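Colleague: Next up is a structure, given as structure tokens.
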Amino acid sequence: MKVTYIHHSGFLVETDQALMLLDYFQGTLPEMDRDKDLLVFASHRHGDHFAPVIFELAKKYPQARYVLSDDIWENQVPVELYGKAVFVDPGKVVELPQGGGTRIAAYKSTDEGVAFVVNNGGKTIYHAGDLNDWRWPGEDKAWNNNMTALYLRELDRMQADGVKPDVAMVVLDPRQEDWFHFGMDAFMKKIGADHVFPMHFWGDYGVTGRMKALECSAGYRDKLAEIREEGQVFYVNH
């Protein structure tokens with residue numbers, strides 16, 4: 001499996017069977033194999049996860065199909081691409097023929113939209129979207145505690161569903177200051193993944209090193225990829 005970091009929370013994942021472009025809104029895309037099915041995901045409508053530019057890809061890659069959170073308005077999709085888009089809401093599972101058969105499960109975000117669990121070719125890819133423990137310094141304590149409870153509840157659902165990702169893209173947002181690691185830490189201890197790619201770090205590439213330096217990450221820090229630049233490519237051999 002080949003994983004390319006594009007920008008912010010955007011990644012391109014290539015398996016033997018398919019290409020999966022996740023939460024792309026800007027950044028330089030590598031050339032993609034036009035003979036492979038391309039699945040383009042958008043986890044929610046926020047401008048740092050979705051932009052209509054994704055629909056232009058269908059001109060160059062006629063095999064492109066779109067998997068969109070249902071909080072994205074249908075009128076954002078060009079009329080000629082209606083038949084190539086599927087909308088998902090939390091709890092929905094869809095099976096698509098693309099990529100030799102792709103199963104997609106959607107989980108409820110603690111902000112907008114959904115997180116995706118994608119199964120293709122015997123591999124499982126998780127993309128959090130904005131599903132995270134969004135505790136903020138200065139927020140009301142009850143609000144923060146409720147946020148943690150909502151996040152852990154969704155992780156419990158994944159755990160009950162037997163989600164075991166080979167590759168996971170998980171929020172690690174430095175704006176949360178001393179609490180930046182809470183969402184990642186809970187995910188790794190409840191769900192885990194063989195290879196984990198931090199995202200949503202707003203260009204602060206040092207955030208992964210700070211996560212690895214924390215005592216809580218001792219059991220999984222070697223699984224965290226250190227992203228240093230846009231366009232960086234990682235090869236995951238399993």
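Within each chain, counting starts at residue 1; across the structure tokens, chains are named A, B, ... in the order shown, with ligands numbered 1 upward in that order.
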Write out as an NGL selection string which residues come within 9 Å of Val53 in chain A when counting only C-alpha atoms, dropping same-chain ones fewer than 4 positions away.
Modeller: :A and (24-26 or 57)
Colleague: Quick one: residues within 12 Å of Phe87 in chain A, only C-alpha atoms counted, chain neighbours fewer than 6 positions away excluded, as a list in words?
Modeller: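 My list of contacting residues is Val40, Phe41, Ala42, Ser43, His44, Arg65, Tyr66, Val67, Leu68, Ser69, Asp70, Asp71, Ile72, Trp73, Glu74, Val77, Val93, Val94, Ile104, Ala105, Ala106, Gly113 and Val114 of chain A.
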Colleague: Name the residues of range 116-183 of chain A that come out as strand (DSSP E or B) in a backbone DSSP run; write them as a list in words.
Modeller: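 Of range 116-183 of chain A, only Phe116, Val117, Val118, Asn119, Asn120, Lys123, Thr124, Ile125, Tyr126, His127, Val167, Ala168, Met169, Val170 and Val171 of chain A fall in strand (DSSP E or B).
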Colleague: Calculate how many Å separate CA of Leu150 in chain A from CA of Leu22 in chain A, rounding to one decimal.
Modeller: 23.6 Å
Colleague: Sorted by chain and rising residue number, which residues of range 196-233 of chain A lie within 8 Å of range 5-21 of chain A, and what are their closest atom pairs and distances in Å to one decimal, counting only C-alpha atoms, as CSV?
Modeller:
residue,atom,partner,partner_atom,distance
A:Met199,CA,A:Ser9,CA,4.9
A:His200,CA,A:His8,CA,5.1
A:Phe201,CA,A:His8,CA,6.6
A:Trp202,CA,A:His8,CA,6.1
A:Gly203,CA,A:His8,CA,7.1
A:Ile227,CA,A:Tyr5,CA,7.7
A:Glu229,CA,A:Tyr5,CA,7.9
A:Glu230,CA,A:Ile6,CA,5.3
A:Gly231,CA,A:Ile6,CA,5.3
A:Gln232,CA,A:Tyr5,CA,5.5
A:Val233,CA,A:Tyr5,CA,6.6
Colleague: For the alpha helix (DSSP H) assignment from backbone DSSP, which residues of range 85-207 of chain A qualify? Please present them as a ChimeraX atom specification.
Modeller: /A:141-160,182-190,207
Colleague: Point out the residue among A:Tyr151, A:Arg210, A:Pro78, A:Trp134 with the least atom-to-atom distance to Arg175 in chain A, counting only C-alpha atoms.
Modeller: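 Among the listed residues, A:Trp134 lies closest to Arg175 in chain A.
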Colleague: Please identify all polymer residues within 10 Å of Trp136 in chain A, counting only C-alpha atoms, omitting same-chain residues fewer than 4 positions from it, and present them as number ranges by chain.
Modeller: A: 140-141, 143-144, 147, 175-180
Colleague: Write the residues you've just listed into a file as a compact mmCIF listing (two decimals), in the first residue's frame, and include all heavy atoms for each of them.
Modeller:
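Generated file (part10.txt):
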# COMPACT_ATOMS: atom_id res chain seq x y z
N ASP A 140 -15.80 25.44 28.88
CA ASP A 140 -16.47 25.00 30.09
C ASP A 140 -16.13 23.53 30.37
O ASP A 140 -16.09 22.70 29.47
CB ASP A 140 -17.99 25.17 29.89
CG ASP A 140 -18.77 24.71 31.09
OD1 ASP A 140 -18.86 25.49 32.06
OD2 ASP A 140 -19.27 23.57 31.07
N LYS A 141 -15.87 23.23 31.64
CA LYS A 141 -15.47 21.87 32.01
C LYS A 141 -16.51 20.84 31.61
O LYS A 141 -16.17 19.75 31.11
CB LYS A 141 -15.21 21.80 33.52
CG LYS A 141 -14.73 20.43 34.00
CD LYS A 141 -14.45 20.44 35.50
CE LYS A 141 -13.98 19.06 35.97
NZ LYS A 141 -13.71 19.06 37.43
N TRP A 143 -18.61 21.01 29.17
CA TRP A 143 -18.58 20.86 27.71
C TRP A 143 -17.43 19.94 27.30
O TRP A 143 -17.59 19.03 26.49
CB TRP A 143 -18.42 22.23 27.06
CG TRP A 143 -18.63 22.23 25.56
CD1 TRP A 143 -19.78 22.50 24.90
CD2 TRP A 143 -17.63 21.93 24.56
NE1 TRP A 143 -19.57 22.40 23.54
CE2 TRP A 143 -18.28 22.05 23.31
CE3 TRP A 143 -16.28 21.58 24.60
CZ2 TRP A 143 -17.60 21.83 22.10
CZ3 TRP A 143 -15.61 21.35 23.41
CH2 TRP A 143 -16.27 21.48 22.18
N ASN A 144 -16.26 20.18 27.89
CA ASN A 144 -15.10 19.35 27.57
C ASN A 144 -15.32 17.90 27.97
O ASN A 144 -14.96 16.98 27.23
CB ASN A 144 -13.86 19.90 28.26
CG ASN A 144 -13.20 21.04 27.47
OD1 ASN A 144 -13.31 21.10 26.26
ND2 ASN A 144 -12.54 21.95 28.17
N MET A 147 -17.57 16.26 25.52
CA MET A 147 -16.85 15.98 24.28
C MET A 147 -16.07 14.68 24.38
O MET A 147 -16.12 13.83 23.49
CB MET A 147 -15.89 17.14 23.97
CG MET A 147 -14.97 16.89 22.78
SD MET A 147 -15.84 16.53 21.24
CE MET A 147 -16.69 18.09 20.99
N ARG A 175 -3.40 23.14 18.21
CA ARG A 175 -4.18 24.25 18.77
C ARG A 175 -4.83 23.89 20.11
O ARG A 175 -5.21 24.77 20.88
CB ARG A 175 -5.26 24.69 17.78
CG ARG A 175 -4.74 25.19 16.44
CD ARG A 175 -5.89 25.49 15.50
NE ARG A 175 -6.74 24.32 15.33
CZ ARG A 175 -7.97 24.35 14.83
NH1 ARG A 175 -8.50 25.50 14.44
NH2 ARG A 175 -8.67 23.23 14.72
N GLN A 176 -4.92 22.59 20.38
CA GLN A 176 -5.49 22.16 21.65
C GLN A 176 -4.50 22.23 22.81
O GLN A 176 -4.83 21.84 23.94
CB GLN A 176 -6.04 20.72 21.51
CG GLN A 176 -7.25 20.61 20.59
CD GLN A 176 -7.77 19.19 20.52
OE1 GLN A 176 -7.35 18.39 19.69
NE2 GLN A 176 -8.69 18.85 21.42
N GLU A 177 -3.32 22.69 22.51
CA GLU A 177 -2.29 22.93 23.52
C GLU A 177 -2.00 21.65 24.34
O GLU A 177 -1.68 20.62 23.75
CB GLU A 177 -2.68 24.12 24.40
CG GLU A 177 -2.85 25.41 23.59
CD GLU A 177 -3.26 26.60 24.41
OE1 GLU A 177 -3.33 26.52 25.65
OE2 GLU A 177 -3.53 27.67 23.79
N ASP A 178 -2.11 21.69 25.64
CA ASP A 178 -1.73 20.54 26.46
C ASP A 178 -2.62 19.32 26.22
O ASP A 178 -2.28 18.22 26.66
CB ASP A 178 -1.78 20.90 27.94
CG ASP A 178 -0.67 21.86 28.35
OD1 ASP A 178 0.29 22.03 27.56
OD2 ASP A 178 -0.76 22.44 29.45
N TRP A 179 -3.73 19.52 25.55
CA TRP A 179 -4.67 18.42 25.31
C TRP A 179 -4.61 17.90 23.88
O TRP A 179 -5.49 17.15 23.45
CB TRP A 179 -6.09 18.87 25.65
CG TRP A 179 -6.28 19.23 27.10
CD1 TRP A 179 -5.51 18.84 28.15
CD2 TRP A 179 -7.31 20.05 27.66
NE1 TRP A 179 -5.99 19.35 29.34
CE2 TRP A 179 -7.10 20.12 29.06
CE3 TRP A 179 -8.39 20.76 27.13
CZ2 TRP A 179 -7.92 20.84 29.93
CZ3 TRP A 179 -9.22 21.48 27.99
CH2 TRP A 179 -8.99 21.52 29.37
N PHE A 180 -3.58 18.33 23.13
CA PHE A 180 -3.52 17.99 21.71
C PHE A 180 -3.49 16.49 21.46
O PHE A 180 -3.89 16.02 20.40
CB PHE A 180 -2.28 18.65 21.07
CG PHE A 180 -0.99 17.92 21.30
CD1 PHE A 180 -0.43 17.13 20.31
CD2 PHE A 180 -0.32 18.00 22.53
CE1 PHE A 180 0.78 16.45 20.52
CE2 PHE A 180 0.87 17.34 22.75
CZ PHE A 180 1.43 16.56 21.74
Colleague: Give me, as a list of chain:residue names, all polymer residues having an atom no more than 10 Å from range 159-161 of chain A, counting only C-alpha atoms and skipping those fewer than 5 positions away in the same chain.
Modeller: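 Non-adjacent residues within range: A:Arg153, A:Glu154, A:Lys190, A:Ile191, A:Gly192.
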Colleague: Can you tell me how far CA of Asn119 in chain A sits from CA of Arg103 in chain A, in Å to one decimal?
Modeller: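 These atoms are spaced 5.1 Å apart.
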Colleague: Interatomic distance between CA of Gly100 in chain A and CA of Gln63 in chain A?
Modeller: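 Between these atoms lies a distance of 12.9 Å.
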Colleague: Choose the residue, out of A:His46, A:Leu39, A:Ala85, A:Ala51, that has the smallest atom-to-atom separation from Asp111 in chain A; count only C-alpha atoms.
Modeller: A:His46
Colleague: Just want the 10 Å neighbourhood of Met188 in chain A, counted on only C-alpha atoms, with same-chain residues fewer than 2 positions away dropped. Output as a list in words.
Modeller: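 So, after excluding close chain neighbours, the residues are Ala168, Val170, Gly183, Met184, Asp185, Ala186, Lys190, Ile191, Gly192, Ala193, Asp194, Val196, Ser217, Gly219, Tyr220, Arg221 and Lys223 of chain A.
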